[in-house]
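data-v8.cif (mmCIF, C-alpha atoms) appears below.
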```
data_data
loop_
_atom_site.group_PDB
_atom_site.id
_atom_site.type_symbol
_atom_site.label_atom_id
_atom_site.label_comp_id
_atom_site.auth_asym_id
_atom_site.auth_seq_id
_atom_site.Cartn_x
_atom_site.Cartn_y
_atom_site.Cartn_z
ATOM 1 C CA MET A 1 -36.437 146.644 111.199
ATOM 2 C CA ILE A 2 -35.144 148.479 114.270
ATOM 3 C CA ILE A 3 -32.161 146.620 115.769
ATOM 4 C CA THR A 4 -31.396 147.187 119.465
ATOM 5 C CA ASN A 5 -28.436 146.049 121.556
ATOM 6 C CA LYS A 6 -29.613 145.898 125.168
ATOM 7 C CA LYS A 7 -26.766 143.593 126.234
ATOM 8 C CA ASN A 8 -24.123 145.844 124.680
ATOM 9 C CA LEU A 9 -22.798 143.006 122.558
ATOM 10 C CA PRO A 10 -19.717 143.668 120.379
ATOM 11 C CA GLU A 11 -20.271 145.956 117.411
ATOM 12 C CA PRO A 12 -19.339 143.276 114.805
ATOM 13 C CA MET A 13 -22.329 141.221 115.957
ATOM 14 C CA VAL A 14 -24.623 144.206 115.523
ATOM 15 C CA ASN A 15 -23.174 144.966 112.093
ATOM 16 C CA PHE A 16 -23.599 141.326 111.066
ATOM 17 C CA VAL A 17 -27.337 141.582 111.731
ATOM 18 C CA LYS A 18 -27.725 144.963 110.053
ATOM 19 C CA ARG A 19 -25.677 144.388 106.932
ATOM 20 C CA ASP A 20 -28.053 142.285 104.846
ATOM 21 C CA GLY A 21 -30.405 145.203 104.102
ATOM 22 C CA TYR A 22 -33.344 142.797 103.829
ATOM 23 C CA GLN A 23 -36.711 144.345 102.984
ATOM 24 C CA PRO A 24 -39.695 142.002 102.502
ATOM 25 C CA ALA A 25 -41.490 142.453 99.174
ATOM 26 C CA MET A 26 -45.274 142.597 99.277
ATOM 27 C CA ASP A 27 -45.691 140.457 96.151
ATOM 28 C CA ARG A 28 -43.270 137.678 97.124
ATOM 29 C CA ILE A 29 -43.953 134.797 99.479
ATOM 30 C CA SER A 30 -41.022 132.687 100.633
ATOM 31 C CA VAL A 31 -41.111 128.928 101.074
ATOM 32 C CA THR A 32 -40.752 129.397 104.835
ATOM 33 C CA ASP A 33 -43.691 131.851 104.821
ATOM 34 C CA LEU A 34 -46.043 129.072 103.755
ATOM 35 C CA SER A 35 -45.796 127.417 107.168
ATOM 36 C CA LYS A 36 -46.649 130.633 109.014
ATOM 37 C CA GLY A 37 -50.066 132.028 109.827
ATOM 38 C CA ILE A 38 -51.516 134.351 107.176
ATOM 39 C CA ARG A 39 -51.864 137.075 109.789
ATOM 40 C CA GLU A 40 -48.219 136.763 110.791
ATOM 41 C CA ILE A 41 -47.094 136.936 107.137
ATOM 42 C CA TRP A 42 -48.903 140.182 106.310
ATOM 43 C CA LEU A 43 -48.333 141.919 109.664
ATOM 44 C CA TYR A 44 -44.610 141.234 109.337
ATOM 45 C CA LYS A 45 -44.467 142.621 105.802
ATOM 46 C CA ARG A 46 -46.605 145.691 106.559
ATOM 47 C CA HIS A 47 -44.850 146.668 109.771
ATOM 48 C CA TYR A 48 -41.311 145.493 109.036
ATOM 49 C CA ASN A 49 -39.777 148.956 109.447
ATOM 50 C CA GLU A 50 -41.511 149.378 112.828
ATOM 51 C CA ILE A 51 -40.592 145.988 114.287
ATOM 52 C CA GLU A 52 -37.953 146.055 117.007
ATOM 53 C CA GLN A 53 -35.606 143.138 117.668
ATOM 54 C CA ASP A 54 -32.581 142.849 119.900
ATOM 55 C CA VAL A 55 -29.279 141.391 118.736
ATOM 56 C CA ALA A 56 -29.303 138.981 121.706
ATOM 57 C CA ASP A 57 -32.553 137.446 120.430
ATOM 58 C CA MET A 58 -30.954 136.801 117.039
ATOM 59 C CA VAL A 59 -27.918 134.781 118.158
ATOM 60 C CA TRP A 60 -29.075 131.471 116.700
ATOM 61 C CA LEU A 61 -30.217 133.216 113.523
ATOM 62 C CA MET A 62 -26.669 134.568 113.183
ATOM 63 C CA PHE A 63 -25.286 131.079 113.788
ATOM 64 C CA GLY A 64 -27.450 129.632 111.016
ATOM 65 C CA THR A 65 -26.550 132.457 108.636
ATOM 66 C CA ALA A 66 -22.847 131.995 109.346
ATOM 67 C CA LEU A 67 -23.179 128.272 108.591
ATOM 68 C CA HIS A 68 -24.806 129.000 105.238
ATOM 69 C CA ASN A 69 -22.148 131.599 104.414
ATOM 70 C CA VAL A 70 -19.423 128.992 104.942
ATOM 71 C CA ILE A 71 -21.248 126.488 102.737
ATOM 72 C CA GLU A 72 -21.872 129.101 100.049
ATOM 73 C CA ARG A 73 -18.115 129.725 99.760
ATOM 74 C CA ALA A 74 -17.429 126.038 99.160
ATOM 75 C CA GLU A 75 -16.409 125.046 95.644
ATOM 76 C CA GLU A 76 -19.221 123.223 93.881
ATOM 77 C CA ALA A 77 -18.698 120.296 91.533
ATOM 78 C CA GLY A 78 -19.913 120.469 87.943
ATOM 79 C CA HIS A 79 -23.029 118.494 88.815
ATOM 80 C CA GLN A 80 -23.901 120.593 91.877
ATOM 81 C CA ILE A 81 -25.650 123.892 92.508
ATOM 82 C CA ILE A 82 -24.969 125.620 95.829
ATOM 83 C CA GLU A 83 -27.374 128.221 97.271
ATOM 84 C CA GLY A 84 -29.740 128.123 94.305
ATOM 85 C CA ALA A 85 -32.675 130.545 94.096
ATOM 86 C CA LEU A 86 -35.970 129.572 92.481
ATOM 87 C CA GLU A 87 -39.312 131.269 91.988
ATOM 88 C CA GLU A 88 -42.709 130.509 90.495
ATOM 89 C CA LYS A 89 -45.547 132.895 89.717
ATOM 90 C CA ILE A 90 -48.801 131.719 91.314
ATOM 91 C CA GLY A 91 -51.814 133.992 90.890
ATOM 92 C CA GLY A 92 -50.833 137.546 91.759
ATOM 93 C CA LEU A 93 -47.928 136.491 93.984
ATOM 94 C CA THR A 94 -44.535 134.888 93.449
ATOM 95 C CA LEU A 95 -43.349 131.930 95.496
ATOM 96 C CA SER A 96 -39.596 132.135 96.086
ATOM 97 C CA GLY A 97 -37.174 129.738 97.682
ATOM 98 C CA ARG A 98 -33.442 129.250 98.146
ATOM 99 C CA PHE A 99 -32.136 125.727 98.618
ATOM 100 C CA ASP A 100 -28.662 124.962 99.962
ATOM 101 C CA LEU A 101 -27.526 122.290 97.510
ATOM 102 C CA TYR A 102 -28.805 120.381 94.498
ATOM 103 C CA ASP A 103 -26.849 117.367 93.254
ATOM 104 C CA ALA A 104 -27.742 116.412 89.673
ATOM 105 C CA LYS A 105 -26.045 113.000 89.920
ATOM 106 C CA ARG A 106 -28.031 111.982 92.966
ATOM 107 C CA ARG A 107 -31.031 114.150 91.967
ATOM 108 C CA ILE A 108 -31.292 115.197 95.581
ATOM 109 C CA VAL A 109 -31.857 118.640 97.118
ATOM 110 C CA THR A 110 -30.116 119.232 100.450
ATOM 111 C CA ASP A 111 -30.953 121.750 103.156
ATOM 112 C CA TYR A 112 -28.832 122.442 106.238
ATOM 113 C CA LYS A 113 -30.547 123.060 109.579
ATOM 114 C CA THR A 114 -29.482 123.874 113.109
ATOM 115 C CA CYS A 115 -31.793 122.484 115.762
ATOM 116 C CA SER A 116 -32.219 121.432 119.371
ATOM 117 C CA ILE A 117 -31.972 117.823 120.527
ATOM 118 C CA TRP A 118 -35.706 117.991 121.217
ATOM 119 C CA LYS A 119 -36.343 117.828 117.475
ATOM 120 C CA PHE A 120 -35.053 114.266 117.626
ATOM 121 C CA LYS A 121 -36.623 113.512 120.998
ATOM 122 C CA PHE A 122 -40.069 114.286 119.538
ATOM 123 C CA ASN A 123 -39.093 112.606 116.244
ATOM 124 C CA ASP A 124 -41.273 115.027 114.258
ATOM 125 C CA PHE A 125 -39.737 116.134 110.969
ATOM 126 C CA SER A 126 -42.986 116.972 109.148
ATOM 127 C CA ASP A 127 -42.096 120.665 108.839
ATOM 128 C CA TRP A 128 -38.716 119.801 107.310
ATOM 129 C CA GLU A 129 -40.353 117.374 104.911
ATOM 130 C CA GLN A 130 -42.912 119.933 103.765
ATOM 131 C CA GLN A 131 -40.272 122.619 103.181
ATOM 132 C CA THR A 132 -37.973 120.319 101.198
ATOM 133 C CA MET A 133 -40.894 118.957 99.154
ATOM 134 C CA ILE A 134 -41.630 122.536 98.082
ATOM 135 C CA TYR A 135 -37.985 122.910 96.989
ATOM 136 C CA CYS A 136 -38.356 119.665 95.033
ATOM 137 C CA TRP A 137 -41.497 121.038 93.382
ATOM 138 C CA LEU A 138 -39.801 124.317 92.454
ATOM 139 C CA LEU A 139 -36.828 122.433 91.024
ATOM 140 C CA SER A 140 -39.063 120.147 88.978
ATOM 141 C CA LYS A 141 -41.015 123.161 87.667
ATOM 142 C CA ALA A 142 -37.659 124.629 86.587
ATOM 143 C CA GLY A 143 -36.845 121.467 84.613
ATOM 144 C CA PHE A 144 -34.628 119.582 87.074
ATOM 145 C CA GLU A 145 -35.073 115.898 87.827
ATOM 146 C CA VAL A 146 -35.629 115.288 91.544
ATOM 147 C CA ASN A 147 -35.779 111.975 93.391
ATOM 148 C CA GLY A 148 -35.840 113.287 96.920
ATOM 149 C CA ALA A 149 -34.528 115.621 99.580
ATOM 150 C CA GLU A 150 -32.399 115.444 102.679
ATOM 151 C CA ILE A 151 -31.880 117.543 105.769
ATOM 152 C CA VAL A 152 -28.415 117.740 107.275
ATOM 153 C CA ALA A 153 -29.241 118.631 110.880
ATOM 154 C CA LEU A 154 -26.625 120.106 113.205
ATOM 155 C CA ILE A 155 -27.748 119.532 116.795
ATOM 156 C CA LYS A 156 -26.681 122.568 118.827
ATOM 157 C CA ASP A 157 -27.077 121.049 122.301
ATOM 158 C CA HIS A 158 -25.898 117.495 121.595
ATOM 159 C CA SER A 159 -24.384 115.678 124.590
ATOM 160 C CA LYS A 160 -21.768 112.948 124.101
ATOM 161 C CA THR A 161 -22.520 111.679 127.601
ATOM 162 C CA LYS A 162 -26.214 111.188 126.877
ATOM 163 C CA ALA A 163 -25.385 109.618 123.517
ATOM 164 C CA ARG A 164 -23.488 106.884 125.369
ATOM 165 C CA VAL A 165 -26.243 106.047 127.855
ATOM 166 C CA GLU A 166 -29.576 106.795 126.143
ATOM 167 C CA ALA A 167 -30.755 104.319 123.525
ATOM 168 C CA ASP A 168 -32.815 106.767 121.451
ATOM 169 C CA TYR A 169 -30.271 109.591 121.603
ATOM 170 C CA PRO A 170 -28.436 110.590 118.357
ATOM 171 C CA GLU A 171 -24.920 109.186 118.361
ATOM 172 C CA LEU A 172 -23.335 112.264 116.778
ATOM 173 C CA PRO A 173 -24.148 116.020 116.686
ATOM 174 C CA VAL A 174 -25.073 115.771 113.003
ATOM 175 C CA GLU A 175 -27.842 113.635 111.516
ATOM 176 C CA VAL A 176 -29.142 113.234 107.956
ATOM 177 C CA ILE A 177 -32.884 112.838 107.402
ATOM 178 C CA HIS A 178 -34.084 111.605 103.980
ATOM 179 C CA PHE A 179 -37.421 112.297 102.253
ATOM 180 C CA PRO A 180 -38.380 110.580 98.953
ATOM 181 C CA TYR A 181 -40.013 112.578 96.150
ATOM 182 C CA ASN A 182 -42.285 110.968 93.556
ATOM 183 C CA TYR A 183 -45.328 111.725 91.418
ATOM 184 C CA ALA A 184 -47.770 111.379 94.321
ATOM 185 C CA LYS A 185 -45.659 113.716 96.483
ATOM 186 C CA HIS A 186 -45.442 116.158 93.543
ATOM 187 C CA GLN A 187 -49.218 116.268 93.107
ATOM 188 C CA GLY A 188 -49.870 116.542 96.826
ATOM 189 C CA ILE A 189 -47.442 119.401 97.419
ATOM 190 C CA GLU A 190 -48.636 121.193 94.265
ATOM 191 C CA ASP A 191 -52.245 121.133 95.502
ATOM 192 C CA TYR A 192 -51.080 122.471 98.872
ATOM 193 C CA ILE A 193 -48.979 125.265 97.342
ATOM 194 C CA ILE A 194 -51.709 126.505 94.986
ATOM 195 C CA SER A 195 -54.349 126.418 97.735
ATOM 196 C CA ARG A 196 -52.127 128.076 100.327
ATOM 197 C CA MET A 197 -50.951 130.819 97.976
ATOM 198 C CA ALA A 198 -54.574 131.585 97.081
ATOM 199 C CA GLU A 199 -55.477 131.921 100.781
ATOM 200 C CA ILE A 200 -52.524 134.239 101.392
ATOM 201 C CA GLU A 201 -53.357 136.400 98.362
ATOM 202 C CA ALA A 202 -57.038 136.657 99.344
ATOM 203 C CA ALA A 203 -56.000 138.294 102.642
ATOM 204 C CA LYS A 204 -53.466 140.707 101.140
ATOM 205 C CA ASP A 205 -55.631 143.843 101.298
ATOM 206 C CA LEU A 206 -57.566 143.098 104.490
ATOM 207 C CA PRO A 207 -57.115 145.520 107.414
ATOM 208 C CA ASP A 208 -54.789 144.262 110.149
ATOM 209 C CA GLU A 209 -57.620 143.402 112.520
ATOM 210 C CA GLU A 210 -59.521 141.451 109.832
ATOM 211 C CA LEU A 211 -56.655 139.186 108.842
ATOM 212 C CA PRO A 212 -57.417 135.496 109.562
ATOM 213 C CA LEU A 213 -56.337 134.440 113.028
ATOM 214 C CA CYS A 214 -53.448 132.024 113.143
ATOM 215 C CA THR A 215 -54.527 128.467 113.887
ATOM 216 C CA GLU A 216 -53.561 126.744 117.131
ATOM 217 C CA ASP A 217 -50.844 124.836 115.283
ATOM 218 C CA GLU A 218 -49.499 128.061 113.762
ATOM 219 C CA ARG A 219 -49.469 129.645 117.228
ATOM 220 C CA TRP A 220 -47.730 126.543 118.682
ATOM 221 C CA HIS A 221 -50.586 126.334 121.155
ATOM 222 C CA SER A 222 -49.967 123.819 123.914
ATOM 223 C CA GLY A 223 -53.680 123.007 124.232
ATOM 224 C CA ASP A 224 -56.179 123.828 126.966
ATOM 225 C CA LYS A 225 -56.190 121.450 129.931
ATOM 226 C CA TYR A 226 -58.675 120.517 132.671
ATOM 227 C CA ALA A 227 -57.215 119.620 136.050
ATOM 228 C CA VAL A 228 -59.086 117.535 138.643
ATOM 229 C CA MET A 229 -58.316 119.199 141.964
ATOM 230 C CA LYS A 230 -58.798 118.160 145.584
ATOM 231 C CA GLY A 231 -59.774 120.854 148.054
ATOM 232 C CA THR A 232 -57.104 123.527 148.346
ATOM 233 C CA ASN A 233 -54.293 121.291 147.085
ATOM 234 C CA LYS A 234 -52.179 122.980 144.430
ATOM 235 C CA THR A 235 -51.204 119.737 142.706
ATOM 236 C CA ALA A 236 -53.801 118.188 140.410
ATOM 237 C CA LEU A 237 -54.966 114.617 140.840
ATOM 238 C CA ARG A 238 -55.142 114.281 137.049
ATOM 239 C CA VAL A 239 -54.840 116.641 134.066
ATOM 240 C CA LEU A 240 -56.917 115.880 130.964
ATOM 241 C CA ASP A 241 -57.590 117.403 127.542
ATOM 242 C CA SER A 242 -61.337 118.092 127.905
ATOM 243 C CA GLU A 243 -63.803 118.998 130.635
ATOM 244 C CA GLU A 244 -65.872 115.913 129.807
ATOM 245 C CA GLU A 245 -62.857 113.627 130.300
ATOM 246 C CA ALA A 246 -62.096 115.360 133.600
ATOM 247 C CA LYS A 247 -65.678 114.877 134.819
ATOM 248 C CA ASP A 248 -65.666 111.214 133.783
ATOM 249 C CA TRP A 249 -62.357 110.626 135.542
ATOM 250 C CA MET A 250 -63.539 112.331 138.733
ATOM 251 C CA GLU A 251 -66.729 110.241 138.679
ATOM 252 C CA SER A 252 -64.794 106.996 138.136
ATOM 253 C CA ASN A 253 -62.249 107.829 140.841
ATOM 254 C CA LYS A 254 -64.405 109.133 143.670
ATOM 255 C CA HIS A 255 -62.116 107.466 146.162
ATOM 256 C CA ARG A 256 -59.402 109.950 145.147
ATOM 257 C CA GLY A 257 -61.484 112.764 146.617
ATOM 258 C CA GLY A 258 -61.614 115.140 143.653
ATOM 259 C CA THR A 259 -63.692 118.220 144.506
ATOM 260 C CA HIS A 260 -63.597 120.462 141.437
ATOM 261 C CA ILE A 261 -62.173 120.938 137.956
ATOM 262 C CA GLU A 262 -59.744 123.737 137.190
ATOM 263 C CA PHE A 263 -59.448 125.119 133.665
ATOM 264 C CA ARG A 264 -55.875 125.726 132.566
ATOM 265 C CA PRO A 265 -55.656 127.679 129.297
ATOM 266 C CA GLY A 266 -52.924 126.617 126.920
ATOM 267 C CA MET A 267 -50.012 128.809 125.927
ATOM 268 C CA SER A 268 -49.399 130.154 122.412
ATOM 269 C CA ARG A 269 -45.600 129.913 122.423
ATOM 270 C CA LYS A 270 -45.157 131.336 118.925
ATOM 271 C CA CYS A 271 -47.130 134.457 119.884
ATOM 272 C CA GLN A 272 -45.337 134.883 123.184
ATOM 273 C CA ASP A 273 -41.748 134.306 122.158
ATOM 274 C CA TYR A 274 -41.232 133.887 118.423
ATOM 275 C CA CYS A 275 -43.570 136.134 116.405
ATOM 276 C CA ALA A 276 -41.755 139.355 115.467
ATOM 277 C CA ALA A 277 -45.038 141.022 114.466
ATOM 278 C CA CYS A 278 -46.986 140.201 117.645
ATOM 279 C CA GLU A 279 -47.113 143.817 118.897
ATOM 280 C CA PHE A 280 -49.247 144.684 115.862
ATOM 281 C CA CYS A 281 -51.713 141.826 116.414
ATOM 282 C CA ASP A 282 -54.931 142.574 118.275
ATOM 283 C CA TYR A 283 -55.355 138.880 119.143
ATOM 284 C CA TYR A 284 -51.966 138.857 120.851
ATOM 285 C CA LYS A 285 -52.796 142.019 122.800
ATOM 286 C CA SER A 286 -56.218 140.847 123.980
ATOM 287 C CA GLU A 287 -55.885 137.080 124.310
ATOM 288 C CA VAL A 288 -52.204 136.371 124.921
ATOM 289 C CA LEU A 289 -50.591 139.413 126.527
ATOM 290 C CA ASN A 290 -53.448 139.896 129.000
ATOM 291 C CA HIS A 291 -53.380 136.246 130.098
ATOM 292 C CA GLU A 292 -49.675 135.796 130.710
#
```

Same coordinates, now as structure tokens:
Amino acid sequence: MIITNKKNLPEPMVNFVKRDGYQPAMDRISVTDLSKGIREIWLYKRHYNEIEQDVADMVWLMFGTALHNVIERAEEAGHQIIEGALEEKIGGLTLSGRFDLYDAKRRIVTDYKTCSIWKFKFNDFSDWEQQTMIYCWLLSKAGFEVNGAEIVALIKDHSKTKARVEADYPELPVEVIHFPYNYAKHQGIEDYIISRMAEIEAAKDLPDEELPLCTEDERWHSGDKYAVMKGTNKTALRVLDSEEEAKDWMESNKHRGGTHIEFRPGMSRKCQDYCAACEFCDYYKSEVLNHE
């Protein structure tokens, strides 16, 4: 990866980013890779040495890495494993993962996350649950007993003021989210892992332009919208999810004076702001970059 420093940040920050010497292996898929689009996975691996990223765009990545470095230096008890690495051969690829803590007494795997307050505002922890269930599966395959997982979430933009006045606001800047693990969860996540790894492997040798397109969820697509407009007004009377709904609403609300329906294409936020391999994706170039 080519590291730039457009903001002229201090050299230690640049060195921190450069020092790990990471090079993605073509035959290894990480636990976090499983949640990405197949196209993103292979474009990132193939073009890693051509990808350019600026130190300023990696600030929160550095923060997370620093947190894990502190935890890794902590002294573990005899019944604990800190920063444990696991892998499992599946087909022609190897699934690899590194959990932050496993406690044999509690039979719980712990992962530390930094996040925005919006994670709790939306109350959607499905991605965290899936990732920790995969760690549980890897641990169980390695012979460990596992009853569940937990996420220790450090909220970067927590506000004490809002915590005092908003009922649904986290009281403290750290929250613990628990996920149970049982036989049904084990079977479900195993089916997902085997199926997903097979899909990823099937695309391994496809040309860049023939790789499966990332789904709307994988692109963090906001969804296309249809706005009922009135004359030359710039503000919509109503914004709906489908053209049919917009037509029905305009018909049922004739007194509002709607004159036409305006199509508003959704945004693929992952493609625009968070996919390091986007410059090598023909979909990004034709469908995203040209419609910004």

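Comparing A:Glu287, A:Cys278, A:Lys119, A:Ile261 by their smallest distance to Ile51 of chain A, the closest is A:Cys278 (using all atoms listed in the file).
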
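On the file presented, the PyMOL selection byres ((chain A and resi 260) around 12) picks out A:Tyr226, A:Ala227, A:Val228, A:Met229, A:Lys230, A:Gly231, A:Thr232, A:Asn233, A:Ala236, A:Leu237, A:Arg238, A:Glu243, A:Ala246, A:Lys247, A:Trp249, A:Met250, A:Glu251, A:Lys254, A:Arg256, A:Gly257, A:Gly258, A:Thr259, A:Ile261, A:Glu262, A:Phe263.
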
Report task. Would you mind telling me which residue in A:Glu72, A:Ala276, A:Ala66, A:Leu101 lies nearest to Ile2 of chain A when using all atoms listed in the file? Result -> A:Ala276

**Report entry** Best match for closeness to Asp33 of chain A among A:Glu279, A:Glu175, A:Glu218, A:Asp191, counting all atoms listed in the file
**Finding:** A:Glu218

Query - Distance in Å - atom CA of Phe144 of chain A versus atom CA of Tyr102 of chain A - result: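 Those two atoms sit 9.5 Å apart.
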
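Ranking A:Ile117, A:Val239, A:Ala104, A:Ala203 by their shortest atom-to-atom distance to His79 of chain A, with only C-alpha atoms included, puts A:Ala104 first.
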
**Report entry** d(atom CA of Ser140 of chain A, atom CA of Ser126 of chain A) in Å
**Finding:**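 Computing the Euclidean distance for atom CA of Ser140 of chain A and atom CA of Ser126 of chain A yields 20.8 Å.
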
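Note that atom CA of Gln272 of chain A and atom CA of Gly97 of chain A are 27.3 Å apart.
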
Report task. Please check which residues have atoms at most 12 Å from (-42.1, 130.5, 92.9) in the file's coordinates, counting all atoms listed in the file, and write them as a PyMOL selection string. Result -> chain A and resi 27-31+34+85-98+134-142+190+193-194+197

Take every atom of segment 47-66 of chain A listed in the file, fit an axis-aligned box around them, add 4 Å per side, and give the centre and edge lengths in Å to one decimal as JSON.
```
{"center_x": -33.8, "center_y": 139.5, "center_z": 115.2, "size_x": 30.0, "size_y": 27.7, "size_z": 21.1}
```

Requested in this report: Evaluate the PyMOL selection byres ((chain A and resi 222) around 9) on the structure here and hand back the selected residues as a count of residues only.
Outcome: 13

Report task. Rank nothing, just name the residue among A:Phe122, A:Tyr183, A:Tyr112, A:Trp60 nearest to Glu150 of chain A, using only C-alpha atoms. Result ->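 Nearest to Glu150 of chain A: A:Tyr112.
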
Report task. Name the residues captured by the PyMOL selection byres ((chain A and resi 67) around 12) when it is applied to the shown file; answer as an MDAnalysis selection string. Result -> chainID A and resid 60:66 68:74 100 111:114 152:154

Query - Residues within 8 Å of Ala277 of chain A, only C-alpha atoms, excluding chain neighbours under 2 positions, as an MDAnalysis selection string - result: chainID A and resid 40 43:44 47:48 51 275 279:281

Taking 2 positions as the minimum chain separation for residues in the same chain, which residues sit within 7 Å of segment 10-21 of chain A when counting only C-alpha atoms? Answer as a CSV table (one decimal) with C-alpha atoms, in the frame of the given file.
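Written output follows (around_12.csv):
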```csv
chain,number,residue,atom,x,y,z
A,8,ASN,CA,-24.1,145.8,124.7
A,23,GLN,CA,-36.7,144.3,103.0
A,55,VAL,CA,-29.3,141.4,118.7
```

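Restricting the calculation to only C-alpha atoms, the smallest distance between Val146 of chain A and any of A:Glu166, A:Asp103, A:Asp273, A:Asp124 is found for A:Asp103.
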
Requested in this report: Give as a list in words each residue that has an atom at most 6 Å from (-32.0, 143.9, 118.9) in the file, counting only C-alpha atoms.
Outcome: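 Every residue inside that radius is included here: Ile3, Thr4, Asn5, Gln53, Asp54 and Val55 of chain A.
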